[in-house]
Amino acid sequence: MTVVQFALVGTALFSLGLYGVITRKNAVLVLASVELMLAAVNINLVAFDVYLQDPLYSGQIFSLFIIALAAAEVGIGIAIILMIYRNRQSADVDELKAMRG
Amino acid sequence: MLTLDYHALLPELIVAGTVLVTLVVDIVTRRKHLVAIIGVLGLFAAAVPILTLSFCGSLDFCSSTEASRVMFGGAYVIDGYALVLKGVFIFAGFVALLLSIGYLESDRYYEGEYYFLLVASVLGGMAMASSRDFVSMIVALELVSGPAFMLAGWRKGDARSNEASLKFFITGVIALALTLFGVSLLYGLTGTQQFDQIAVLSETVADVPLFTLAVIFIVLGFGFKVSAVPFHFWTPDTYQGAPPPVTAWLSVGSKGAGFVALLTVCYLALPAATDVWGPLIWIVAALSMTVGNVVALKQTNVMRLLGYSSIAQAGFMLAPFGAVAASGAGDLARPFQATITYFVIYAVMNLGAFGTAIIIGQRVGSYELEDWGGLSKYATGVALSLAVFFMSLAGVPPLAGWFAKFAMFRATIGVGNWWGYSIAIVAAVNAVIAFVYYAKVMKSAFFDDVPEGIDVDVAMSDAIPAPIGLAVGLAVVGVFLFGVLPGLAANVGNFSTDLLGTLGL
Amino acid sequence: MLNQYYGDYITVAVFVAIGAILVGGAVAANRAIAPRAPGGFKDVAYESGIEPIGGGWNQSHIRYYIFALLFLIFDVEAVFIFPWALQLEFFSSIGSGLTVLVEMFVFVGILLLGLVYAIRKGVLTWE
């Protein structure tokens with residue numbers, strides 16, 4: 001296995017996530033797509049860390065922080081989406097049109 | 001032996017302690033205003049070590065040398081730049097907290113958690129100012145925006161507040177993912193997360209296409225955070241929908257954190273890529289000024305107008321930086337100073353503008369411009385304060401805004417080539433456009449008739465809440481101080497780069 | 001060396017093949033021997049002999065979200081404790097073991113404060 005293969009998986013995952021973010025209408029699925037993007041970053045970081053034999057392991061440490069950040073973000077995101085769902089019985093991003101201009 | 005300079009870390013430690021104490025107090029007491037008081041006191045206390053650190057050279061008890069302020073292997077640095085920005089974040093948090101106290105009293109919300117989240121967000125801003133590697137920077141950035149996502153949606157039953165929150169959240173996390181992907185590529189190329197080492201190691205990979213891609217991703221992600229055009233679409237909606245004191249914090253604290261991130265990364269980590277991010281920032285600055293100002297012209301809601309105004313101001317702030325970097329000529333320190341000076345002044349006047357808008361909004365019961373007609377006829381003092389801040393934002397001397405614009409123009413024209421001249425022309429045209437809509441608000445407040453349905457007696461029945469009055473008063477003093485003594489603001493800007501120089505960064 | 005490396009994989013491949021043959025053979029034998037009597041009642045989901053009510057898609061209560069979040073707090077905490085535990089020995093060898101130990105207690109203390117907050121707000125009581 002070379003680092004390029006990992007980088008390719010990472011890039012593919014990131015692109016899938018980006019595609020999901022752009023095309024999905026349901027806020028929960030947008031959130032899931034963002035998680036895909038963050039997972040891609042983690043794959044990249046760990047692969048590069050091992051490949052470069054970083055003596056500080058900064059890539060792996062960073063990926064731990066990203067896991068924690070992603071967890072916190074899901075917590076916040078689901079809370080916001082729930083709040084919106086309670087008010088309008090829908091979590092559709094396209095329906096958010098209360099403000100214009 | 002692990003040694004930490006606790007004096008240098010004291011501001012963060014105090015604010016972190018405040019965050020925890022507000023949470024504890026919130027769960028043990030029913031008197032929620034106690035939480036707010038603790039938050040205010042905590043931020044006030046955190047300002048003290050910032051002052052002692054700034055004037056460390058002339059104080060007897062201050063033993064920390066500059067070298068000892070580089071901590072965690074260079075990942076966390078307390079220098080002049082960090083201190084200036086920490087001061088701004090604390091001031092912004094302080095004002096936002098004071099505005100919130102007056103605002104929350106008039107409605108019923110989850111008060112305790114609100115103050116807890118606001119102070120946590122301030123802590124993120126302070127950590128951001130000192131971050132000198134990507135790990136601490138991203139964590140700090142999330143500490144700023146995470147609480148801000150929730151604060152934006154604080155009015156749970158209000159569809160606009162909900163929408164503000166979700167839009168802010170989704171763009172925020174996408175921006176984070178984009179930045180992080182860029183960071184991961186940069187890490188793959190250089191093998192380090194630290195800015196000073198990236199600056200050295202990236203010179204060898206400067207012509208690798210992947211490096212360019214990484215830089216674009218990083219700048220793109222931060223572009224969302226500073227709400228620069230074309231990544232601005234969420235800003236007006238969020239500013240309009242979020243509770244007004246939160247908007248005040250977003251426009252200075254959250255946006256400021258994005259700015260600090262962008263400036264620090266570009267200046268310290270990516271000097272080898274000025275030919276990539278220079279033109280990018282140049283274009284973004286020109287677009288932000290133009291689009292922000294032109295769209296602001298036809299706004300009827302003051303919060304939305306201030307949102308577009310802050311987009312435009314972001315353009316003014318980035319202009320000198322983009323011009324110098326794009327032309328590849330000269331020292332980046334001068335535009336850096338101009339940008340920091342502009343940011344400090346912007347923070348003060350924008351907070352004041354939001355504070356005044358909140359006072360008026362509470363009296364009139366609306367943020368629609370037409371309802372603000374004839375304000376000076378029944379609330380002269382508030383109308384004058386509005387005039388001070390809006391004229392300052394427009395850049396009228398002797399208010400602080402003119403010096404910010406002056407420093408910006410001096411730095412852009414000082415580049416001495418067409419990158420500089422052309423964006424100076426764009427900025428000059430935009431300054432005129434900006435004046436038009438700020439003056440429109442003035443005209444409405446001073447010359448229009450009081451619209452029907454606004455009961456002057458009701459509007460004037462309550463006194464201005466003391467915390468909001470204090471916050472606006474502080475901002476008025478700041479605007480005049482920086483305007484009449486521009487040397488003060490310039491010194492702040494110089495101080496921020498002086499220490500950067502002595503630390504060899 | 002390389003032969004050894006691939007030799008390990010051959011063992012795995014053989015095991016996979018044997019597994020596939022055994023399972024496939026059993027299923028095929030079952031098909032061949034067993035009597036087949038398709039009927040409507042056989043397609044119904046098995047619910048311990050009771051007639052199933054409602055659809056297969058079930059909504060879970062939103063309360064589980066809070067529990068998931070609380071789980072997340074401790075899940076993420078563990079992520080940071082592992083590298084810390086690995087490095088603690090190194091830090092005690094350079095004489096700052098106590099500082100690093102106290103730091104982790106501060107970290108866990110902050111997380112526990114979050115749990116205390118959740119308990120005080122009554123999210124752990126199930127009505």
# chains A, B, ... in the order shown; residues from 1 in each chain; ligands from 1
>>> closest_atom_pairs(of="chain A", to="chain C", cutoff="8 Å", atoms="only C-alpha atoms", output="CSV")
residue,atom,partner,partner_atom,distance
A:Leu64,CA,C:Val79,CA,6.8
A:Ile67,CA,C:Val76,CA,7.7
A:Ala68,CA,C:Val76,CA,5.7
A:Ala71,CA,C:Leu72,CA,6.9
A:Gly75,CA,C:Leu69,CA,6.3
>>> interface_residues(of="chain C", to="chain B", cutoff="10 Å", atoms="only C-alpha atoms", output="ChimeraX atom specification")
/C:91-97,99-100,110,113-114,116-121
>>> write_last_selection(atoms="N, CA and C atoms", output="compact mmCIF listing (two decimals), in the first residue's frame")
# COMPACT_ATOMS: atom_id res chain seq x y z
N PHE C 91 6.89 11.79 30.52
CA PHE C 91 6.88 13.07 31.22
C PHE C 91 7.36 12.91 32.66
N SER C 92 7.04 11.77 33.28
CA SER C 92 7.53 11.60 34.64
C SER C 92 9.04 11.39 34.63
N SER C 93 9.57 10.87 33.52
CA SER C 93 11.03 10.68 33.44
C SER C 93 11.75 12.02 33.31
N ILE C 94 11.08 13.04 32.75
CA ILE C 94 11.74 14.35 32.71
C ILE C 94 11.29 15.23 33.87
N GLY C 95 10.60 14.64 34.84
CA GLY C 95 10.34 15.36 36.07
C GLY C 95 9.10 16.21 36.09
N SER C 96 8.20 16.04 35.13
CA SER C 96 6.96 16.82 35.22
C SER C 96 5.74 15.91 35.18
N GLY C 97 5.92 14.72 35.75
CA GLY C 97 4.81 13.77 35.77
C GLY C 97 3.60 14.29 36.52
N THR C 99 2.63 17.44 37.02
CA THR C 99 1.93 18.46 36.24
C THR C 99 1.01 17.81 35.23
N VAL C 100 1.55 16.83 34.51
CA VAL C 100 0.78 16.20 33.44
C VAL C 100 -0.38 15.41 34.03
N ILE C 110 -13.44 18.86 34.00
CA ILE C 110 -14.28 19.71 33.16
C ILE C 110 -15.37 18.87 32.50
N LEU C 113 -17.97 18.01 34.92
CA LEU C 113 -18.83 19.16 35.15
C LEU C 113 -19.97 19.17 34.14
N GLY C 114 -19.62 18.81 32.90
CA GLY C 114 -20.66 18.71 31.87
C GLY C 114 -21.71 17.68 32.24
N VAL C 116 -22.44 16.65 35.31
CA VAL C 116 -23.20 17.18 36.44
C VAL C 116 -24.26 18.15 35.94
N TYR C 117 -23.87 18.97 34.97
CA TYR C 117 -24.82 19.92 34.39
C TYR C 117 -26.00 19.18 33.79
N ALA C 118 -25.69 18.11 33.03
CA ALA C 118 -26.76 17.34 32.39
C ALA C 118 -27.69 16.73 33.44
N ILE C 119 -27.10 16.22 34.56
CA ILE C 119 -27.93 15.61 35.59
C ILE C 119 -28.81 16.67 36.25
N ARG C 120 -28.22 17.83 36.54
CA ARG C 120 -28.98 18.90 37.17
C ARG C 120 -30.14 19.35 36.29
N LYS C 121 -29.92 19.32 34.98
CA LYS C 121 -30.98 19.74 34.08
C LYS C 121 -32.02 18.64 33.89
>>> closest_atom_pairs(of="chain B", to="chain A", cutoff="8 Å", atoms="only C-alpha atoms", output="Markdown table")
| residue | atom | partner | partner_atom | distance |
| --- | --- | --- | --- | --- |
| B:Val135 | CA | A:Phe62 | CA | 5.8 |
| B:Val139 | CA | A:Leu69 | CA | 7.5 |
| B:Glu142 | CA | A:Leu69 | CA | 7.4 |
| B:Gly146 | CA | A:Glu73 | CA | 7.2 |
| B:Phe149 | CA | A:Ile76 | CA | 7.7 |
| B:Met150 | CA | A:Ile76 | CA | 7.1 |
| B:Gly153 | CA | A:Ile80 | CA | 7.4 |
| B:Lys156 | CA | A:Met83 | CA | 6.7 |
| B:Gly157 | CA | A:Asn87 | CA | 6.8 |
| B:Ala159 | CA | A:Ala98 | CA | 7.1 |
| B:Arg160 | CA | A:Ala98 | CA | 6.1 |
| B:Asn162 | CA | A:Ile84 | CA | 6.0 |
| B:Glu163 | CA | A:Leu96 | CA | 6.1 |
| B:Ser165 | CA | A:Ile80 | CA | 7.1 |
| B:Leu166 | CA | A:Ile80 | CA | 6.5 |
| B:Phe169 | CA | A:Gly77 | CA | 7.1 |
| B:Ile170 | CA | A:Leu31 | CA | 7.6 |
| B:Val173 | CA | A:Val34 | CA | 7.0 |
| B:Ile174 | CA | A:Val34 | CA | 6.4 |
| B:Ala177 | CA | A:Leu38 | CA | 5.8 |
| B:Leu180 | CA | A:Val41 | CA | 6.4 |
| B:Phe181 | CA | A:Val41 | CA | 5.3 |
| B:Ser184 | CA | A:Leu45 | CA | 5.4 |
| B:Leu185 | CA | A:Asn44 | CA | 7.4 |
| B:Tyr187 | CA | A:Leu45 | CA | 7.3 |
| B:Gly188 | CA | A:Phe48 | CA | 5.1 |
| B:Gly191 | CA | A:Leu52 | CA | 6.4 |
| B:Thr192 | CA | A:Ser58 | CA | 7.0 |
| B:Gln193 | CA | A:Ser58 | CA | 6.8 |
| B:Asp237 | CA | A:Met99 | CA | 6.2 |
| B:Gln299 | CA | A:Gly101 | CA | 7.4 |
>>> residues_around(residues="range 262-266 of chain B", least_positions_apart="4", cutoff="7 Å", atoms="only C-alpha atoms", output="PyMOL selection string")
chain B and resi 195+219+222+258+270-271
>>> atom_distance(atom1="CA of Phe231 in chain B", atom2="CA of Ala312 in chain B")
12.6 Å
>>> atom_distance(atom1="CA of Leu351 in chain B", atom2="CA of Phe389 in chain B")
9.0 Å
>>> atom_distance(atom1="CA of Trp419 in chain B", atom2="CA of Leu280 in chain B")
12.1 Å
